[in-house]
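Asks: I am sharing entry.cif, which consists of mmCIF, C-alpha atoms:
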data_protein
loop_
_atom_site.label_atom_id
_atom_site.label_comp_id
_atom_site.auth_asym_id
_atom_site.auth_seq_id
_atom_site.Cartn_x
_atom_site.Cartn_y
_atom_site.Cartn_z
CA PRO A 11 37.65 114.50 126.99
CA SER A 12 38.14 116.87 129.93
CA SER A 13 37.42 116.10 133.59
CA ASN A 14 34.37 118.39 133.70
CA TRP A 15 32.59 117.18 130.56
CA ASP A 16 30.64 113.95 130.09
CA LYS A 17 28.00 114.76 127.46
CA GLU A 18 27.80 113.32 123.95
CA LEU A 19 27.42 115.82 121.11
CA PRO A 20 26.44 113.44 118.29
CA GLY A 21 27.37 115.78 115.44
CA GLN A 22 30.82 116.56 116.78
CA VAL A 23 31.48 112.95 117.76
CA MET A 24 30.71 111.85 114.18
CA ALA A 25 32.82 114.66 112.76
CA SER A 26 35.74 113.52 114.94
CA LEU A 27 35.38 109.83 114.12
CA GLY A 28 34.53 110.21 110.44
CA PHE A 29 36.05 111.16 107.11
CA TYR A 30 37.09 114.67 108.19
CA GLY A 31 38.34 113.52 111.58
CA LEU A 32 40.06 110.19 112.13
CA TRP A 33 40.48 109.39 108.42
CA ASN A 34 41.75 112.86 107.56
CA TYR A 35 44.32 112.59 110.36
CA TYR A 36 45.57 109.27 108.95
CA TRP A 37 45.59 110.52 105.35
CA TYR A 38 47.91 113.41 106.24
CA THR A 39 50.16 111.59 108.73
CA GLY A 40 50.21 107.90 107.82
CA ASP A 41 49.65 106.97 111.48
CA ARG A 42 48.12 103.54 110.88
CA GLN A 43 48.43 102.47 114.52
CA THR A 44 45.94 105.10 115.66
CA LEU A 45 43.43 103.76 113.12
CA ALA A 46 43.87 100.26 114.51
CA ASP A 47 43.61 101.41 118.12
CA VAL A 48 40.43 103.44 117.65
CA TYR A 49 38.64 101.17 115.15
CA PRO A 50 36.78 98.94 117.67
CA ALA A 51 35.47 101.97 119.60
CA VAL A 52 34.16 103.60 116.41
CA GLN A 53 32.40 100.34 115.54
CA ARG A 54 30.67 100.40 118.93
CA TYR A 55 29.61 104.00 118.45
CA ILE A 56 28.17 103.34 114.99
CA ALA A 57 26.10 100.50 116.48
CA LEU A 58 24.33 102.98 118.80
CA TRP A 59 22.54 104.63 115.86
CA LYS A 60 19.14 103.42 114.66
CA LYS A 61 17.60 103.47 111.21
CA GLY A 62 14.03 104.59 110.57
CA ASN A 63 11.47 103.08 108.23
CA LYS A 64 12.51 105.48 105.44
CA GLY A 65 16.06 104.09 105.48
CA THR A 66 17.56 107.26 106.95
CA MET A 67 19.06 107.52 110.43
CA LEU A 68 16.82 108.51 113.31
CA LEU A 69 17.64 111.59 115.38
CA ARG A 70 20.04 110.86 118.22
CA GLU A 71 19.73 113.38 121.02
CA GLY A 72 22.90 112.41 122.92
CA GLY A 73 23.85 114.60 125.84
CA TRP A 74 23.55 117.81 123.82
CA ASN A 75 21.84 117.75 120.46
CA TRP A 76 23.99 120.53 119.00
CA GLY A 77 24.09 120.94 115.23
CA ASP A 78 25.80 124.33 114.96
CA TRP A 79 25.62 127.79 116.44
CA GLY A 80 23.00 130.02 114.87
CA THR A 81 19.48 129.47 113.57
CA ASP A 82 17.62 127.45 110.95
CA ILE A 83 19.32 124.14 111.71
CA ASP A 84 17.59 121.24 109.95
CA ILE A 85 19.04 118.74 112.39
CA VAL A 86 17.81 115.36 111.11
CA PRO A 87 19.34 115.49 107.61
CA LEU A 88 22.37 117.25 109.11
CA GLN A 89 22.97 114.27 111.42
CA ASN A 90 22.44 111.93 108.46
CA CYS A 91 25.21 113.74 106.55
CA TRP A 92 27.64 113.35 109.45
CA TYR A 93 26.68 109.67 109.81
CA TYR A 94 27.38 109.09 106.11
CA LEU A 95 30.79 110.74 106.50
CA MET A 96 31.46 108.50 109.50
CA LEU A 97 30.64 105.43 107.38
CA LYS A 98 32.90 106.75 104.62
CA GLY A 99 35.81 107.14 107.02
CA MET A 100 35.25 103.65 108.42
CA ARG A 101 35.04 102.10 104.96
CA ASN A 102 38.41 103.61 104.12
CA THR A 103 39.84 102.59 107.50
CA ALA A 104 38.66 99.00 107.12
CA GLN A 105 40.37 98.85 103.72
CA ILE A 106 43.66 100.07 105.20
CA LEU A 107 43.43 97.58 108.10
CA GLY A 108 42.70 94.68 105.74
CA LYS A 109 39.18 94.12 107.07
CA LYS A 110 37.62 93.35 103.69
CA GLU A 111 34.22 92.18 104.95
CA ASP A 112 33.85 95.27 107.13
CA ALA A 113 34.80 97.51 104.21
CA LYS A 114 32.22 95.80 102.00
CA ARG A 115 29.52 96.18 104.65
CA TYR A 116 30.26 99.88 105.21
CA ALA A 117 30.20 100.48 101.44
CA GLU A 118 26.81 98.79 101.21
CA GLN A 119 25.49 100.88 104.10
CA MET A 120 26.75 104.03 102.39
CA SER A 121 24.98 103.11 99.16
CA ALA A 122 21.70 102.38 100.95
CA LEU A 123 21.85 105.58 102.99
CA LYS A 124 22.63 107.71 99.95
CA GLN A 125 19.60 106.34 98.13
CA ALA A 126 17.34 106.81 101.16
CA PHE A 127 18.73 110.28 101.93
CA ASN A 128 17.95 111.58 98.45
CA ALA A 129 14.57 109.87 98.30
CA HIS A 130 13.44 111.23 101.67
CA PHE A 131 15.06 114.66 101.94
CA TRP A 132 15.42 115.96 98.35
CA THR A 133 12.40 118.06 97.32
CA GLY A 134 13.48 118.66 93.74
CA SER A 135 15.09 122.00 94.55
CA GLU A 136 16.67 121.55 97.99
CA TYR A 137 17.33 119.16 100.88
CA ARG A 138 14.80 119.41 103.72
CA ASP A 139 13.32 117.22 106.44
CA PRO A 140 9.56 116.96 105.67
CA GLN A 141 8.90 117.91 109.32
CA TYR A 142 11.17 120.99 109.21
CA GLU A 143 9.42 124.32 108.51
CA ASP A 144 12.11 127.00 108.87
CA ALA A 145 14.46 128.54 106.29
CA THR A 146 16.48 126.20 104.09
CA ASP A 147 19.65 125.07 105.86
CA ASP A 148 22.81 125.76 103.85
CA ARG A 149 24.84 123.45 106.14
CA ILE A 150 23.11 120.29 104.88
CA HIS A 151 23.81 121.20 101.27
CA ALA A 152 27.49 121.79 101.99
CA LEU A 153 27.92 118.40 103.67
CA ALA A 154 25.85 116.69 100.98
CA VAL A 155 28.30 117.93 98.33
CA VAL A 156 31.58 117.23 100.13
CA SER A 157 30.42 113.81 101.31
CA GLY A 158 29.21 112.66 97.91
CA LEU A 159 25.56 112.33 98.98
CA ALA A 160 24.62 114.90 96.33
CA ASP A 161 25.35 114.04 92.69
CA ARG A 162 26.34 116.63 90.11
CA ASP A 163 22.84 116.97 88.67
CA LYS A 164 21.79 118.65 91.93
CA TYR A 165 24.61 121.23 91.87
CA PRO A 166 22.65 124.03 90.10
CA ALA A 167 19.89 123.89 92.72
CA ILE A 168 22.40 123.64 95.57
CA LEU A 169 24.29 126.65 94.20
CA GLU A 170 21.08 128.64 94.43
CA VAL A 171 20.78 127.65 98.10
CA PHE A 172 24.29 128.96 98.73
CA ARG A 173 23.38 132.19 96.95
CA THR A 174 20.29 132.82 99.05
CA GLN A 175 20.85 131.20 102.47
CA GLU A 176 23.53 132.16 105.01
CA HIS A 177 22.84 130.42 108.32
CA ALA A 178 26.09 128.49 108.91
CA SER A 179 28.35 129.58 111.74
CA PRO A 180 32.11 130.02 111.15
CA TYR A 181 32.41 126.30 112.00
CA MET A 182 30.17 125.14 109.15
CA GLU A 183 31.02 127.92 106.69
CA LYS A 184 34.25 126.05 105.92
CA TYR A 185 32.21 123.26 104.32
CA VAL A 186 30.20 125.73 102.25
CA LEU A 187 33.40 127.13 100.74
CA GLU A 188 34.79 123.64 100.16
CA ALA A 189 31.55 122.54 98.49
CA MET A 190 31.51 125.55 96.16
CA LEU A 191 35.14 124.91 95.17
CA GLN A 192 34.36 121.27 94.43
CA MET A 193 31.32 122.33 92.40
CA GLY A 194 33.45 124.60 90.22
CA HIS A 195 32.25 127.91 91.69
CA GLY A 196 35.34 128.82 93.66
CA ALA A 197 35.30 132.55 92.95
CA GLU A 198 31.72 132.88 94.14
CA GLY A 199 32.46 130.69 97.15
CA LEU A 200 35.48 132.74 98.19
CA ALA A 201 33.50 135.97 97.74
CA ARG A 202 30.85 134.61 100.11
CA HIS A 203 33.50 133.49 102.60
CA ASN A 204 35.23 136.89 102.51
CA ARG A 205 31.94 138.72 102.95
CA ARG A 206 30.90 136.63 105.95
CA PHE A 207 34.28 136.88 107.70
CA SER A 208 35.07 140.51 106.81
CA LYS A 209 33.71 142.12 110.00
CA MET A 210 35.64 139.65 112.15
CA VAL A 211 38.89 140.02 110.22
CA GLU A 212 38.68 143.81 110.15
CA ASP A 213 37.95 144.16 113.90
CA ASP A 214 40.91 146.24 115.12
CA ARG A 215 40.64 144.89 118.70
CA PHE A 216 41.66 141.33 117.87
CA THR A 217 44.04 139.48 115.52
CA THR A 218 42.25 136.16 116.10
CA LEU A 219 39.02 134.65 114.75
CA PHE A 220 35.85 134.38 116.82
CA GLU A 221 33.68 131.38 117.71
CA GLY A 222 30.62 133.06 116.18
CA TRP A 223 30.17 135.91 113.74
CA GLY A 224 30.41 138.45 116.54
CA ILE A 225 31.35 138.68 120.19
CA GLY A 226 29.41 139.63 123.29
CA ALA A 227 25.78 140.31 122.43
CA GLU A 228 26.52 139.53 118.75
CA GLY A 229 28.06 136.16 119.55
CA PHE A 230 26.56 132.76 120.25
CA GLY A 231 26.28 132.38 124.01
CA GLY A 232 29.15 134.81 124.37
CA GLY A 233 31.70 132.66 122.55
CA SER A 234 35.47 132.89 122.50
CA VAL A 235 37.45 135.41 120.44
CA ASN A 236 40.10 132.83 119.48
CA HIS A 237 38.43 129.69 118.14
CA ALA A 238 40.24 127.11 116.02
CA TRP A 239 37.19 126.04 114.04
CA SER A 240 36.92 129.50 112.48
CA GLY A 241 40.22 128.86 110.66
CA GLY A 242 38.68 126.44 108.18
CA GLY A 243 39.13 128.91 105.36
CA LEU A 244 42.89 128.83 105.94
CA THR A 245 43.04 125.08 105.39
CA ILE A 246 40.92 125.52 102.26
CA ALA A 247 43.35 128.19 101.03
CA SER A 248 46.27 125.75 101.17
CA GLN A 249 44.39 122.63 100.05
CA TYR A 250 42.28 124.06 97.22
CA ILE A 251 43.23 127.62 96.30
CA CYS A 252 46.99 126.96 96.34
CA GLY A 253 46.26 123.31 95.70
CA ILE A 254 48.67 121.50 98.06
CA ARG A 255 47.22 118.15 99.12
CA PRO A 256 48.32 114.54 99.63
CA LEU A 257 47.28 112.30 96.72
CA GLU A 258 48.56 109.27 98.62
CA THR A 259 48.88 108.70 102.37
CA ALA A 260 51.26 111.06 104.21
CA TYR A 261 52.20 112.85 100.97
CA ALA A 262 53.78 109.77 99.42
CA LYS A 263 52.43 111.45 96.29
CA ILE A 264 52.02 115.24 96.40
CA GLY A 265 49.38 117.23 94.58
CA ILE A 266 49.80 120.90 93.63
CA LEU A 267 46.56 121.70 91.82
CA PRO A 268 45.51 125.31 92.44
CA ILE A 269 41.99 126.66 91.99
CA PRO A 270 42.50 130.45 91.76
CA ALA A 271 38.92 131.20 92.92
CA GLY A 272 38.99 134.69 91.45
CA LEU A 273 42.40 135.65 92.87
CA ASP A 274 45.14 137.20 90.74
CA SER A 275 47.84 135.51 92.80
CA ALA A 276 48.44 133.43 95.92
CA GLN A 277 51.27 131.53 97.52
CA THR A 278 51.80 129.17 100.44
CA SER A 279 54.13 126.49 101.74
CA VAL A 280 53.25 123.39 103.72
CA LEU A 281 55.63 121.34 105.85
CA THR A 282 54.74 117.71 105.10
CA PRO A 283 56.15 114.38 106.35
CA VAL A 284 58.37 114.29 103.24
CA GLY A 285 59.54 117.92 103.41
CA ARG A 286 58.36 121.41 102.53
CA VAL A 287 56.05 121.91 99.54
CA VAL A 288 55.65 125.34 97.94
CA SER A 289 52.93 126.63 95.61
CA SER A 290 52.83 130.13 94.11
CA PHE A 291 50.63 131.18 91.19
CA GLU A 292 49.69 134.22 89.13
CA TYR A 293 46.49 134.24 87.10
CA THR A 294 45.22 136.56 84.38
CA PRO A 295 42.37 136.06 81.88
CA TYR A 296 44.88 134.65 79.36
CA LEU A 297 47.69 133.12 81.41
CA PHE A 298 48.14 130.88 84.44
CA ALA A 299 51.66 130.64 85.89
CA LEU A 300 52.55 128.21 88.69
CA ASP A 301 55.84 127.95 90.56
CA ALA A 302 55.97 124.65 92.42
CA GLU A 303 58.65 123.16 94.66
CA LEU A 304 58.59 119.50 95.74
CA PRO A 305 61.08 117.88 98.16
CA ALA A 306 63.97 115.89 96.69
CA GLY A 307 63.07 112.26 96.12
CA SER A 308 59.31 112.88 96.23
CA ARG A 309 56.65 112.12 93.62
CA GLY A 310 54.01 114.61 92.66
CA VAL A 311 51.41 115.96 90.29
CA ILE A 312 51.20 119.60 89.25
CA GLY A 313 48.45 121.10 87.17
CA ALA A 314 46.65 124.09 85.71
CA PRO A 315 42.94 124.90 85.53
CA LYS A 316 41.94 123.30 82.25
CA GLN A 317 39.12 125.57 81.12
CA GLY A 318 40.07 127.07 77.74
CA VAL A 319 43.74 126.05 77.88
CA ARG A 320 45.48 125.88 74.48
CA GLU A 321 49.07 125.21 75.51
CA ILE A 322 51.02 124.28 78.64
CA LYS A 323 54.76 124.56 79.14
CA ILE A 324 56.71 123.20 82.12
CA ASN A 325 60.24 124.57 82.61
CA GLY A 326 60.05 126.00 79.11
CA VAL A 327 59.11 122.71 77.41
CA THR A 328 55.71 122.26 75.75
CA VAL A 329 53.84 119.38 77.40
CA TRP A 330 50.30 120.06 76.11
CA LYS A 331 49.05 121.76 72.96
CA ASN A 332 45.77 121.93 71.07
CA GLY A 333 43.98 119.31 73.13
CA ARG A 334 46.66 116.66 73.47
CA ALA A 335 49.80 115.81 75.36
CA VAL A 336 53.18 116.42 73.75
CA ARG A 337 55.94 113.85 74.36
CA ASN A 338 58.79 115.34 76.39
CA LYS A 339 61.38 114.54 79.06
CA VAL A 340 60.15 116.96 81.75
CA ALA A 341 56.66 115.82 82.75
CA ARG A 342 54.07 113.32 81.57
CA LEU A 343 50.30 113.81 81.46
CA SER A 344 48.87 111.94 84.46
CA ALA A 345 47.20 108.73 83.33
CA LYS A 346 44.64 109.13 86.10
CA GLN A 347 43.71 112.78 86.44
CA PRO A 348 43.22 113.52 90.18
CA SER A 349 40.95 116.51 89.49
CA ASP A 350 38.28 117.12 86.88
CA GLN A 351 39.09 120.84 87.00
CA HIS A 352 42.75 120.53 85.97
CA LEU A 353 45.18 119.28 83.37
CA SER A 354 47.69 117.43 85.55
CA PHE A 355 51.22 116.16 84.96
CA ASP A 356 53.41 113.68 86.85
CA VAL A 357 56.70 115.10 88.16
CA ARG A 358 59.53 114.20 90.51
CA GLY A 359 60.99 116.25 93.34
CA GLY A 360 62.38 119.60 92.24
CA SER A 361 61.36 123.09 91.12
CA TYR A 362 58.92 123.64 88.27
CA ARG A 363 57.42 126.60 86.45
CA LEU A 364 54.20 125.75 84.66
CA ILE A 365 52.74 128.20 82.15
CA ALA A 366 49.24 127.62 80.75
CA VAL A 367 48.06 129.84 77.91
CA GLN A 368 44.38 130.29 77.14
#
How does this structure look as structure tokens?
Replies:
Amino acid sequence: PSSNWDKELPGQVMASLGFYGLWNYYWYTGDRQTLADVYPAVQRYIALWKKGNKGTMLLREGGWNWGDWGTDIDIVPLQNCWYYLMLKGMRNTAQILGKKEDAKRYAEQMSALKQAFNAHFWTGSEYRDPQYEDATDDRIHALAVVSGLADRDKYPAILEVFRTQEHASPYMEKYVLEAMLQMGHGAEGLARHNRRFSKMVEDDRFTTLFEGWGIGAEGFGGGSVNHAWSGGGLTIASQYICGIRPLETAYAKIGILPIPAGLDSAQTSVLTPVGRVVSSFEYTPYLFALDAELPAGSRGVIGAPKQGVREIKINGVTVWKNGRAVRNKVARLSAKQPSDQHLSFDVRGGSYRLIAVQ
């Protein structure tokens, strides 16, 4: 977008226009007009891509065929993941804009690409382009999980990839952590994230995060020492570990669903379009305690990790015991649980203390 740059980076263009870019911006802000303004241009960009005889998308070189900093980049399936995420964002956008036929077509394209992607790239133990001969690329597996290309039956094999392969740069490591949290291995994912970032964080010369894992000779092409994309773990900390996320557009419904990820405690606050939201938890092997604050007049869902929970109290009132909800006047068990890792309860704006006993 600057005056001295005119090259297309296909991966970053798709990231910007897709589920994690344009759609994510709308989901957090409610800015429908931007969706409408950009929609025709995204349609034109999607039309530039070509499908191969295997049903997967052919490599698009663009002006700079950049997949990530670092080595062992399996670029063809990586581009296919980003393309799928772009379709996913456009399907959602078409639904919001009332373009039903477009939404149907994008959904059909997603279904076809998912089937082709798994048929062509899944080996039985990992994702890999048949023409690619280097080390297994952890980046693909991260995007496959967070996009929905990979179903749950592949999670054990994908977890083994995350345990043995560390090629992602700080840019793509965010998606590895997010994937591991979604897979139910948050503690292991956070341990990996901490290990990979530790040298950078502990560098006493800088208080900022680097573009690559090092700087100078240890960096990628030099690299900057203050790079926004390296802060992905911070967004994950708020969204997953402390659990603050919009369950409806622009926080019309607020989620506070922490995943402790091996931490004894954590707290954060997020300023949303409806006001400030606060999440603070303490976690022991036998007790999970959450203090949640939602803005006056808001709607929300608060929850506790459900594994092994025997009883849950909210503001001193029992709302769950021995496998079933207990009728009360404080909070009701959510009819549609927004997370398969939590027991979640509908609440209104206010302050809540949730205690879950294992």
Asks: For Asp47 in chain A, find every residue with an atom within 12 Å (counting all atoms listed in the file), except residues of its own chain fewer than 5 positions away, and show them as a ChimeraX atom specification.
Replies: /A:32,41-42,52-53,103,107
Asks: Could you expand the PyMOL selection byres ((chain A and resi 273-277) around 7) into the explicit residues it covers here, written as a list in words?
Replies: Cys252, Pro270, Ala271, Gly272, Thr278, Ser289, Ser290, Phe291, Glu292, Tyr293 and Thr294 of chain A
Asks: Please produce, as CSV, a per-residue contact table for range 232-267 of chain A versus range 338-361 of chain A (criterion: any atom at most 10 Å away, only C-alpha atoms considered), showing the nearest atom pair and its distance in Å to one decimal, sorted by chain then residue number.
Replies:
residue,atom,partner,partner_atom,distance
A:Leu257,CA,A:Pro348,CA,7.8
A:Lys263,CA,A:Arg358,CA,9.6
A:Ile264,CA,A:Val357,CA,9.5
A:Gly265,CA,A:Pro348,CA,8.4
A:Ile266,CA,A:Ser354,CA,9.0
A:Leu267,CA,A:His352,CA,7.1
Asks: Could you work out how far CA of Gly62 in chain A lies from CA of Ala117 in chain A, giving the answer in Å with one decimal?
Replies: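 Between CA of Ala117 in chain A and CA of Gly62 in chain A the gap is 19.0 Å.
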Asks: List every protein, DNA or RNA residue that has an atom no more than 9 Å from (28.6, 113.7, 113.3) in the file's coordinate frame, counting only C-alpha atoms, and report them as a ChimeraX atom specification.
Replies: /A:19-28,77,88-96
Asks: Pick from A:Ser13, A:Thr245, A:Gln141, A:Gln43: nearest to Val86 in chain A, with all atoms listed in the file counted?
Replies: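 Closest candidate: A:Gln141.
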Asks: So how far away is CA of Trp59 in chain A from CA of Leu123 in chain A, in Å?
Replies: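 Straight-line distance from CA of Leu123 in chain A to CA of Trp59 in chain A works out to 12.9 Å.
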Asks: Using all atoms of range 353-356 of chain A listed in the file and a margin of 3 Å per side, can you give the axis-aligned box centre and edge lengths in Å to one decimal, as AutoDock Vina command-line options?
Replies:
--center_x 49.3 --center_y 116.5 --center_z 85.1 --size_x 14.2 --size_y 11.6 --size_z 9.5
Asks: Pick out the residues sitting within 6 Å of Met190 in chain A, and hand them over as a PyMOL selection string; count all atoms listed in the file, and ignore anything fewer than 4 positions along from it in its own chain.
Replies: chain A and resi 195-196+199
Asks: Find the residues around Leu297 in chain A up to 10 Å (all atoms listed in the file counted), leave out those fewer than 3 positions away in its own chain, and share them as a PyMOL selection string.
Replies: chain A and resi 292-294+319+321-322+365-368
Asks: Could the residues in this selection be written to a file with C-alpha atoms, as a short mmCIF file (atom, residue, chain, number, x, y, z; two decimals), keeping the file's coordinate frame?
Replies:
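The result, written out as again_27.cif:
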data_model
loop_
_atom_site.label_atom_id
_atom_site.label_comp_id
_atom_site.auth_asym_id
_atom_site.auth_seq_id
_atom_site.Cartn_x
_atom_site.Cartn_y
_atom_site.Cartn_z
CA GLU A 292 49.69 134.22 89.13
CA TYR A 293 46.49 134.24 87.10
CA THR A 294 45.22 136.56 84.38
CA VAL A 319 43.74 126.05 77.88
CA GLU A 321 49.07 125.21 75.51
CA ILE A 322 51.02 124.28 78.64
CA ILE A 365 52.74 128.20 82.15
CA ALA A 366 49.24 127.62 80.75
CA VAL A 367 48.06 129.84 77.91
CA GLN A 368 44.38 130.29 77.14
#
Asks: If the PyMOL selection byres ((chain A and resi 233-243) around 8) is run on the structure shown, which residues does it catch, given as JSON, numbers by chain?
Replies: {"A": [180, 181, 183, 184, 187, 203, 216, 218, 219, 220, 221, 222, 225, 226, 229, 230, 231, 232, 244, 245, 246, 247]}
Asks: Tell me which protein, DNA and RNA residues are within 10 Å of Gly134 in chain A, counting all atoms listed in the file, leaving out same-chain ones fewer than 6 positions away, and put them as a VMD selection string.
Replies: chain A and resid 128 164 167
Asks: Quick check, in Å to one decimal: how far apart do CA of Asp148 in chain A and CA of Lys124 in chain A lie?
Replies: 18.5 Å
Asks: Between A:Leu200, A:Arg115, A:Thr39, A:Trp330, which has the minimum distance to Glu258 in chain A (counting all atoms listed in the file)?
Replies: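 Looking at the shortest contact to Glu258 in chain A, the residue is A:Thr39.
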Asks: My list of candidates is A:Ala302, A:Trp74, A:Asp161, A:Pro50. Which is closest to Asp16 in chain A when distances are computed with only C-alpha atoms?
Replies: A:Trp74
Asks: Which residues are near Trp33 in chain A? Cut-off 9 Å, all atoms listed in the file, ignore same chain within fewer than 4 positions. Put them as a PDB file with C-alpha atoms, keeping the file's coordinate frame.
Replies:
ATOM      1  CA  LEU A  27      35.380 109.830 114.120  1.00  0.00           C
ATOM      2  CA  GLY A  28      34.530 110.210 110.440  1.00  0.00           C
ATOM      3  CA  PHE A  29      36.050 111.160 107.110  1.00  0.00           C
ATOM      4  CA  TRP A  37      45.590 110.520 105.350  1.00  0.00           C
ATOM      5  CA  TYR A  38      47.910 113.410 106.240  1.00  0.00           C
ATOM      6  CA  LEU A  45      43.430 103.760 113.120  1.00  0.00           C
ATOM      7  CA  LYS A  98      32.900 106.750 104.620  1.00  0.00           C
ATOM      8  CA  GLY A  99      35.810 107.140 107.020  1.00  0.00           C
ATOM      9  CA  MET A 100      35.250 103.650 108.420  1.00  0.00           C
ATOM     10  CA  ASN A 102      38.410 103.610 104.120  1.00  0.00           C
ATOM     11  CA  THR A 103      39.840 102.590 107.500  1.00  0.00           C
TER      12      THR A 103
END
Asks: I'd like to know which of A:Ile312, A:Asp213, A:Pro305, A:Tyr362 is closest to Val327 in chain A, using only C-alpha atoms.
Replies: A:Tyr362
